[in-house]
$ cat start_23.txt   # compact mmCIF, N, CA, C and O atoms
# COMPACT_ATOMS: atom_id res chain seq x y z
N ALA V 1 -108.62 42.45 -17.60
CA ALA V 1 -109.94 41.98 -17.18
C ALA V 1 -110.50 41.03 -18.21
O ALA V 1 -110.25 41.18 -19.40
N GLY V 2 -111.27 40.09 -17.74
CA GLY V 2 -111.91 39.13 -18.64
C GLY V 2 -113.09 39.74 -19.36
O GLY V 2 -113.53 40.86 -19.05
N ALA V 3 -113.62 38.99 -20.32
CA ALA V 3 -114.73 39.48 -21.13
C ALA V 3 -115.94 39.83 -20.27
O ALA V 3 -116.60 40.85 -20.50
N ALA V 4 -116.23 39.01 -19.26
CA ALA V 4 -117.39 39.28 -18.40
C ALA V 4 -117.23 40.62 -17.68
O ALA V 4 -118.20 41.39 -17.55
N ALA V 5 -116.04 40.92 -17.22
CA ALA V 5 -115.80 42.20 -16.53
C ALA V 5 -115.93 43.37 -17.49
O ALA V 5 -116.45 44.43 -17.12
N VAL V 6 -115.49 43.19 -18.72
CA VAL V 6 -115.60 44.25 -19.73
C VAL V 6 -117.07 44.52 -20.05
O VAL V 6 -117.51 45.67 -20.13
N VAL V 7 -117.85 43.45 -20.21
CA VAL V 7 -119.28 43.61 -20.48
C VAL V 7 -119.97 44.28 -19.29
O VAL V 7 -120.79 45.18 -19.47
N GLU V 8 -119.62 43.87 -18.09
CA GLU V 8 -120.20 44.49 -16.89
C GLU V 8 -119.89 45.99 -16.85
O GLU V 8 -120.75 46.80 -16.53
N ARG V 9 -118.67 46.35 -17.18
CA ARG V 9 -118.31 47.77 -17.25
C ARG V 9 -119.14 48.48 -18.31
O ARG V 9 -119.54 49.63 -18.13
N GLY V 10 -119.40 47.79 -19.42
CA GLY V 10 -120.24 48.36 -20.47
C GLY V 10 -121.65 48.64 -20.00
O GLY V 10 -122.22 49.70 -20.29
N TRP V 11 -122.23 47.70 -19.24
CA TRP V 11 -123.57 47.92 -18.69
C TRP V 11 -123.56 49.10 -17.74
O TRP V 11 -124.52 49.89 -17.72
N SER V 12 -122.50 49.25 -16.97
CA SER V 12 -122.39 50.40 -16.06
C SER V 12 -122.34 51.71 -16.84
O SER V 12 -123.01 52.69 -16.48
N ARG V 13 -121.58 51.71 -17.91
CA ARG V 13 -121.50 52.92 -18.75
C ARG V 13 -122.86 53.25 -19.34
O ARG V 13 -123.26 54.41 -19.38
N LEU V 14 -123.54 52.21 -19.82
CA LEU V 14 -124.86 52.44 -20.41
C LEU V 14 -125.82 53.01 -19.38
O LEU V 14 -126.53 53.98 -19.65
N SER V 15 -125.83 52.44 -18.18
CA SER V 15 -126.73 52.95 -17.14
C SER V 15 -126.34 54.34 -16.67
O SER V 15 -127.19 55.09 -16.18
N ASP V 16 -125.08 54.71 -16.86
CA ASP V 16 -124.62 56.06 -16.51
C ASP V 16 -124.86 57.07 -17.63
O ASP V 16 -124.44 58.23 -17.53
N GLY V 17 -125.50 56.63 -18.73
CA GLY V 17 -125.81 57.54 -19.82
C GLY V 17 -124.71 57.70 -20.85
O GLY V 17 -124.67 58.71 -21.55
N ASP V 18 -123.82 56.72 -20.94
CA ASP V 18 -122.71 56.77 -21.90
C ASP V 18 -122.81 55.60 -22.88
O ASP V 18 -122.04 54.65 -22.79
N PRO V 19 -123.79 55.63 -23.81
CA PRO V 19 -123.94 54.51 -24.73
C PRO V 19 -122.75 54.34 -25.68
O PRO V 19 -122.43 53.22 -26.05
N GLU V 20 -122.08 55.45 -26.01
CA GLU V 20 -120.92 55.31 -26.88
C GLU V 20 -119.81 54.53 -26.18
O GLU V 20 -119.18 53.66 -26.79
N GLY V 21 -119.58 54.83 -24.92
CA GLY V 21 -118.58 54.09 -24.15
C GLY V 21 -118.96 52.63 -23.99
O GLY V 21 -118.12 51.73 -24.08
N ALA V 22 -120.25 52.38 -23.78
CA ALA V 22 -120.74 51.01 -23.65
C ALA V 22 -120.53 50.25 -24.96
O ALA V 22 -120.11 49.08 -24.95
N MET V 23 -120.79 50.91 -26.08
CA MET V 23 -120.62 50.24 -27.38
C MET V 23 -119.16 49.91 -27.64
O MET V 23 -118.85 48.84 -28.16
N LEU V 24 -118.27 50.79 -27.27
CA LEU V 24 -116.84 50.51 -27.46
C LEU V 24 -116.44 49.24 -26.69
O LEU V 24 -115.68 48.41 -27.21
N LEU V 25 -116.95 49.10 -25.49
CA LEU V 25 -116.62 47.92 -24.70
C LEU V 25 -117.26 46.66 -25.29
O LEU V 25 -116.62 45.60 -25.35
N ALA V 26 -118.50 46.76 -25.73
CA ALA V 26 -119.15 45.61 -26.38
C ALA V 26 -118.38 45.20 -27.63
O ALA V 26 -118.13 44.00 -27.86
N GLU V 27 -117.98 46.17 -28.43
CA GLU V 27 -117.24 45.87 -29.66
C GLU V 27 -115.87 45.27 -29.36
O GLU V 27 -115.39 44.42 -30.11
N ALA V 28 -115.25 45.69 -28.26
CA ALA V 28 -113.95 45.11 -27.89
C ALA V 28 -114.10 43.62 -27.58
O ALA V 28 -113.28 42.81 -28.02
N VAL V 29 -115.15 43.27 -26.85
CA VAL V 29 -115.38 41.85 -26.55
C VAL V 29 -115.71 41.09 -27.83
O VAL V 29 -115.19 39.99 -28.07
N LEU V 30 -116.57 41.67 -28.67
CA LEU V 30 -116.97 41.00 -29.91
C LEU V 30 -115.80 40.84 -30.88
O LEU V 30 -115.81 39.92 -31.70
N ALA V 31 -114.80 41.70 -30.78
CA ALA V 31 -113.62 41.56 -31.63
C ALA V 31 -112.85 40.28 -31.30
O ALA V 31 -112.19 39.71 -32.16
N HIS V 32 -112.95 39.85 -30.05
CA HIS V 32 -112.26 38.63 -29.62
C HIS V 32 -113.17 37.41 -29.63
O HIS V 32 -112.68 36.28 -29.73
N ASP V 33 -114.47 37.62 -29.48
CA ASP V 33 -115.44 36.52 -29.47
C ASP V 33 -116.70 37.01 -30.16
O ASP V 33 -117.59 37.57 -29.53
N ARG V 34 -116.76 36.80 -31.46
CA ARG V 34 -117.85 37.29 -32.30
C ARG V 34 -119.21 36.84 -31.80
O ARG V 34 -120.22 37.49 -32.03
N ASP V 35 -119.27 35.69 -31.13
CA ASP V 35 -120.54 35.10 -30.72
C ASP V 35 -120.82 35.26 -29.22
O ASP V 35 -121.65 34.52 -28.68
N SER V 36 -120.16 36.19 -28.57
CA SER V 36 -120.40 36.40 -27.14
C SER V 36 -121.81 36.92 -26.93
O SER V 36 -122.14 38.07 -27.28
N ALA V 37 -122.67 36.07 -26.36
CA ALA V 37 -124.07 36.46 -26.13
C ALA V 37 -124.15 37.66 -25.20
O ALA V 37 -124.98 38.56 -25.40
N ALA V 38 -123.31 37.71 -24.18
CA ALA V 38 -123.34 38.83 -23.23
C ALA V 38 -123.00 40.14 -23.94
O ALA V 38 -123.66 41.17 -23.72
N ALA V 39 -121.99 40.13 -24.78
CA ALA V 39 -121.60 41.34 -25.51
C ALA V 39 -122.64 41.71 -26.56
O ALA V 39 -122.91 42.90 -26.78
N LEU V 40 -123.25 40.72 -27.19
CA LEU V 40 -124.31 41.00 -28.16
C LEU V 40 -125.52 41.63 -27.49
O LEU V 40 -126.11 42.57 -28.01
N ARG V 41 -125.87 41.13 -26.30
CA ARG V 41 -126.99 41.74 -25.56
C ARG V 41 -126.67 43.20 -25.22
O ARG V 41 -127.54 44.07 -25.33
N LEU V 42 -125.47 43.46 -24.79
CA LEU V 42 -125.05 44.83 -24.50
C LEU V 42 -125.11 45.69 -25.76
O LEU V 42 -125.60 46.82 -25.72
N ALA V 43 -124.65 45.16 -26.87
CA ALA V 43 -124.66 45.93 -28.13
C ALA V 43 -126.08 46.23 -28.57
O ALA V 43 -126.37 47.34 -29.04
N VAL V 44 -127.00 45.27 -28.43
CA VAL V 44 -128.41 45.52 -28.77
C VAL V 44 -128.98 46.62 -27.89
O VAL V 44 -129.59 47.58 -28.37
N ALA V 45 -128.77 46.50 -26.59
CA ALA V 45 -129.30 47.50 -25.65
C ALA V 45 -128.70 48.88 -25.93
O ALA V 45 -129.41 49.90 -25.85
N THR V 46 -127.43 48.91 -26.26
CA THR V 46 -126.76 50.17 -26.54
C THR V 46 -127.32 50.83 -27.80
O THR V 46 -127.60 52.03 -27.81
N ASN V 47 -127.50 50.04 -28.85
CA ASN V 47 -128.07 50.60 -30.08
C ASN V 47 -129.50 51.08 -29.86
O ASN V 47 -129.91 52.10 -30.40
N ARG V 48 -130.26 50.36 -29.03
CA ARG V 48 -131.62 50.81 -28.72
C ARG V 48 -131.57 52.13 -27.94
O ARG V 48 -132.41 53.01 -28.18
N ALA V 49 -130.64 52.26 -27.03
CA ALA V 49 -130.51 53.51 -26.27
C ALA V 49 -130.14 54.66 -27.20
O ALA V 49 -130.68 55.77 -27.07
N LEU V 50 -129.24 54.41 -28.14
CA LEU V 50 -128.87 55.44 -29.10
C LEU V 50 -130.05 55.82 -29.99
O LEU V 50 -130.26 56.99 -30.29
N LEU V 51 -130.84 54.82 -30.38
CA LEU V 51 -132.02 55.07 -31.20
C LEU V 51 -133.04 55.91 -30.44
O LEU V 51 -133.58 56.89 -30.96
N GLU V 52 -133.25 55.57 -29.18
CA GLU V 52 -134.18 56.34 -28.35
C GLU V 52 -133.68 57.78 -28.17
O GLU V 52 -134.45 58.73 -28.27
N ARG V 53 -132.40 57.91 -27.92
CA ARG V 53 -131.82 59.24 -27.70
C ARG V 53 -131.91 60.10 -28.96
O ARG V 53 -132.06 61.32 -28.88
N SER V 54 -131.83 59.46 -30.13
CA SER V 54 -131.85 60.22 -31.39
C SER V 54 -133.19 60.89 -31.63
O SER V 54 -133.26 61.89 -32.34
N GLY V 55 -134.24 60.34 -31.05
CA GLY V 55 -135.56 60.94 -31.21
C GLY V 55 -136.16 60.76 -32.59
O GLY V 55 -137.22 61.29 -32.87
N GLY V 56 -135.48 60.03 -33.45
CA GLY V 56 -136.01 59.79 -34.78
C GLY V 56 -135.94 60.99 -35.70
O GLY V 56 -136.58 61.01 -36.75
N ASP V 57 -135.17 61.99 -35.33
CA ASP V 57 -135.09 63.21 -36.14
C ASP V 57 -134.30 63.02 -37.44
O ASP V 57 -134.61 63.64 -38.44
N ASN V 58 -133.29 62.18 -37.39
CA ASN V 58 -132.43 61.98 -38.55
C ASN V 58 -132.79 60.64 -39.20
O ASN V 58 -132.53 59.58 -38.64
N PHE V 59 -133.36 60.70 -40.39
CA PHE V 59 -133.81 59.51 -41.11
C PHE V 59 -132.69 58.49 -41.28
O PHE V 59 -132.87 57.30 -41.04
N TRP V 60 -131.51 58.94 -41.68
CA TRP V 60 -130.41 58.02 -41.96
C TRP V 60 -129.87 57.38 -40.69
O TRP V 60 -129.58 56.18 -40.66
N GLU V 61 -129.73 58.19 -39.64
CA GLU V 61 -129.24 57.65 -38.37
C GLU V 61 -130.23 56.63 -37.80
O GLU V 61 -129.83 55.55 -37.36
N THR V 62 -131.50 56.97 -37.84
CA THR V 62 -132.54 56.07 -37.33
C THR V 62 -132.54 54.76 -38.11
O THR V 62 -132.60 53.67 -37.51
N GLY V 63 -132.48 54.85 -39.42
CA GLY V 63 -132.45 53.64 -40.25
C GLY V 63 -131.24 52.78 -39.97
O GLY V 63 -131.34 51.54 -39.88
N TRP V 64 -130.09 53.41 -39.82
CA TRP V 64 -128.86 52.65 -39.55
C TRP V 64 -128.94 51.96 -38.19
O TRP V 64 -128.60 50.79 -38.06
N LEU V 65 -129.41 52.69 -37.17
CA LEU V 65 -129.50 52.09 -35.83
C LEU V 65 -130.50 50.95 -35.82
O LEU V 65 -130.24 49.91 -35.20
N ARG V 66 -131.62 51.10 -36.50
CA ARG V 66 -132.60 50.00 -36.57
C ARG V 66 -132.01 48.79 -37.26
O ARG V 66 -132.23 47.65 -36.84
N SER V 67 -131.25 49.01 -38.32
CA SER V 67 -130.64 47.87 -39.02
C SER V 67 -129.58 47.21 -38.15
O SER V 67 -129.43 45.98 -38.17
N GLN V 68 -128.87 47.99 -37.35
CA GLN V 68 -127.90 47.43 -36.42
C GLN V 68 -128.59 46.56 -35.38
O GLN V 68 -128.12 45.46 -35.06
N VAL V 69 -129.69 47.04 -34.84
CA VAL V 69 -130.43 46.27 -33.84
C VAL V 69 -130.89 44.94 -34.44
O VAL V 69 -130.72 43.88 -33.83
N ARG V 70 -131.45 44.98 -35.65
CA ARG V 70 -131.91 43.74 -36.30
C ARG V 70 -130.77 42.76 -36.51
O ARG V 70 -130.89 41.57 -36.22
N ALA V 71 -129.66 43.26 -37.03
CA ALA V 71 -128.50 42.39 -37.29
C ALA V 71 -127.95 41.79 -36.00
O ALA V 71 -127.63 40.59 -35.94
N LEU V 72 -127.85 42.60 -34.97
CA LEU V 72 -127.34 42.11 -33.68
C LEU V 72 -128.30 41.12 -33.05
O LEU V 72 -127.88 40.11 -32.47
N GLU V 73 -129.61 41.35 -33.18
CA GLU V 73 -130.59 40.40 -32.64
C GLU V 73 -130.50 39.06 -33.36
O GLU V 73 -130.63 38.01 -32.72
N GLN V 74 -130.27 39.09 -34.67
CA GLN V 74 -130.09 37.84 -35.41
C GLN V 74 -128.85 37.10 -34.95
O GLN V 74 -128.88 35.87 -34.76
N ARG V 75 -127.76 37.82 -34.75
CA ARG V 75 -126.53 37.19 -34.25
C ARG V 75 -126.74 36.63 -32.85
O ARG V 75 -126.27 35.54 -32.53
N LEU V 76 -127.47 37.36 -32.02
CA LEU V 76 -127.75 36.91 -30.66
C LEU V 76 -128.60 35.65 -30.68
O LEU V 76 -128.33 34.70 -29.93
N ALA V 77 -129.60 35.62 -31.53
CA ALA V 77 -130.45 34.43 -31.63
C ALA V 77 -129.62 33.22 -32.06
O ALA V 77 -129.78 32.12 -31.51
N ALA V 78 -128.72 33.42 -33.01
CA ALA V 78 -127.86 32.32 -33.45
C ALA V 78 -126.91 31.88 -32.33
O ALA V 78 -126.69 30.70 -32.12
N ALA V 79 -126.36 32.85 -31.60
CA ALA V 79 -125.46 32.52 -30.50
C ALA V 79 -126.20 31.79 -29.40
O ALA V 79 -125.69 30.82 -28.82
N ASP V 80 -127.42 32.23 -29.09
CA ASP V 80 -128.22 31.59 -28.06
C ASP V 80 -128.62 30.18 -28.45
O ASP V 80 -128.67 29.29 -27.61
N CYS V 81 -128.89 29.97 -29.74
CA CYS V 81 -129.22 28.62 -30.21
C CYS V 81 -128.04 27.68 -30.02
O CYS V 81 -128.21 26.52 -29.67
N GLY V 82 -126.86 28.22 -30.20
CA GLY V 82 -125.65 27.40 -30.04
C GLY V 82 -125.38 27.04 -28.60
O GLY V 82 -124.69 26.06 -28.32
N THR V 83 -125.93 27.83 -27.65
CA THR V 83 -125.68 27.56 -26.24
C THR V 83 -126.90 26.97 -25.55
O THR V 83 -126.86 26.67 -24.36
N GLY V 84 -127.99 26.82 -26.29
CA GLY V 84 -129.21 26.27 -25.71
C GLY V 84 -130.02 27.29 -24.94
O GLY V 84 -130.98 26.94 -24.27
N MET V 85 -129.67 28.58 -25.05
CA MET V 85 -130.42 29.65 -24.37
C MET V 85 -131.41 30.24 -25.35
O MET V 85 -131.22 30.21 -26.56
N GLU V 86 -132.47 30.83 -24.81
CA GLU V 86 -133.42 31.54 -25.66
C GLU V 86 -132.99 32.99 -25.79
O GLU V 86 -132.37 33.54 -24.88
N ALA V 87 -133.34 33.61 -26.91
CA ALA V 87 -132.89 34.97 -27.20
C ALA V 87 -133.34 35.99 -26.17
O ALA V 87 -132.69 36.99 -25.96
N GLY V 88 -134.44 35.77 -25.49
CA GLY V 88 -134.94 36.75 -24.55
C GLY V 88 -134.30 36.68 -23.18
O GLY V 88 -134.58 37.47 -22.31
N THR V 89 -133.42 35.73 -22.95
CA THR V 89 -132.84 35.58 -21.61
C THR V 89 -131.49 36.22 -21.52
O THR V 89 -130.84 36.50 -22.46
$ encode --input "start_23.txt" --output "structure tokens"
Amino acid sequence: AGAAAVVERGWSRLSDGDPEGAMLLAEAVLAHDRDSAAALRLAVATNRALLERSGGDNFWETGWLRSQVRALEQRLAAADCGTGMEAGT
């Protein structure tokens, strides 16, 4: 399957309540295309879902997930700038 199909499967996993499975698929696409905006969007959404699910109980986990979201958003903004898209789209 192509990268778009893998990302689509990742969104399905995320909507089915499997953020870990979604992240594995996002990371697989990013391993082949570091700047894939679609995979970066999935990775951001997945990390946000994991952060929400954590409930903020674990200081270290929460901090790590927040830093992941920030880093991924920066990569997404850079990727979107390269394609002429805005980060929110």
$ closest_residue --input "start_23.txt" --among "V:Val44, V:Ala26, V:Ala3, V:Cys81" --to "Ser67 (chain V)" --atoms "only C-alpha atoms"
V:Val44
$ closest_residue --input "start_23.txt" --among "V:Ala4, V:Asn58, V:Ala31, V:Ala22" --to "Ala43 (chain V)" --atoms "only N, CA, C and O atoms"
V:Ala22
$ atom_distance --input "start_23.txt" --atom1 "atom N of His32 (chain V)" --atom2 "CA of Trp64 (chain V)"
22.5 Å
$ select_by_dssp --input "start_23.txt" --residues "chain V" --states "alpha helix (DSSP H)" --output "PyMOL selection string"
chain V and resi 3-15+19-32+37-54+59-83
$ atom_distance --input "start_23.txt" --atom1 "atom C of Val69 (chain V)" --atom2 "atom O of Arg9 (chain V)"
20.4 Å
$ atom_distance --input "start_23.txt" --atom1 "CA of Asp33 (chain V)" --atom2 "CA of Thr62 (chain V)"
27.1 Å
$ closest_residue --input "start_23.txt" --among "V:Met23, V:Leu72, V:Val7, V:Ala77" --to "Thr46 (chain V)" --atoms "all atoms listed in the file"
V:Met23
$ closest_residue --input "start_23.txt" --among "V:Arg66, V:Val6, V:Gly82, V:Arg13" --to "Ala39 (chain V)" --atoms "all atoms listed in the file"
V:Val6
$ closest_residue --input "start_23.txt" --among "V:Ser36, V:Leu25, V:Pro19, V:Arg75" --to "Leu51 (chain V)" --atoms "only C-alpha atoms"
V:Pro19
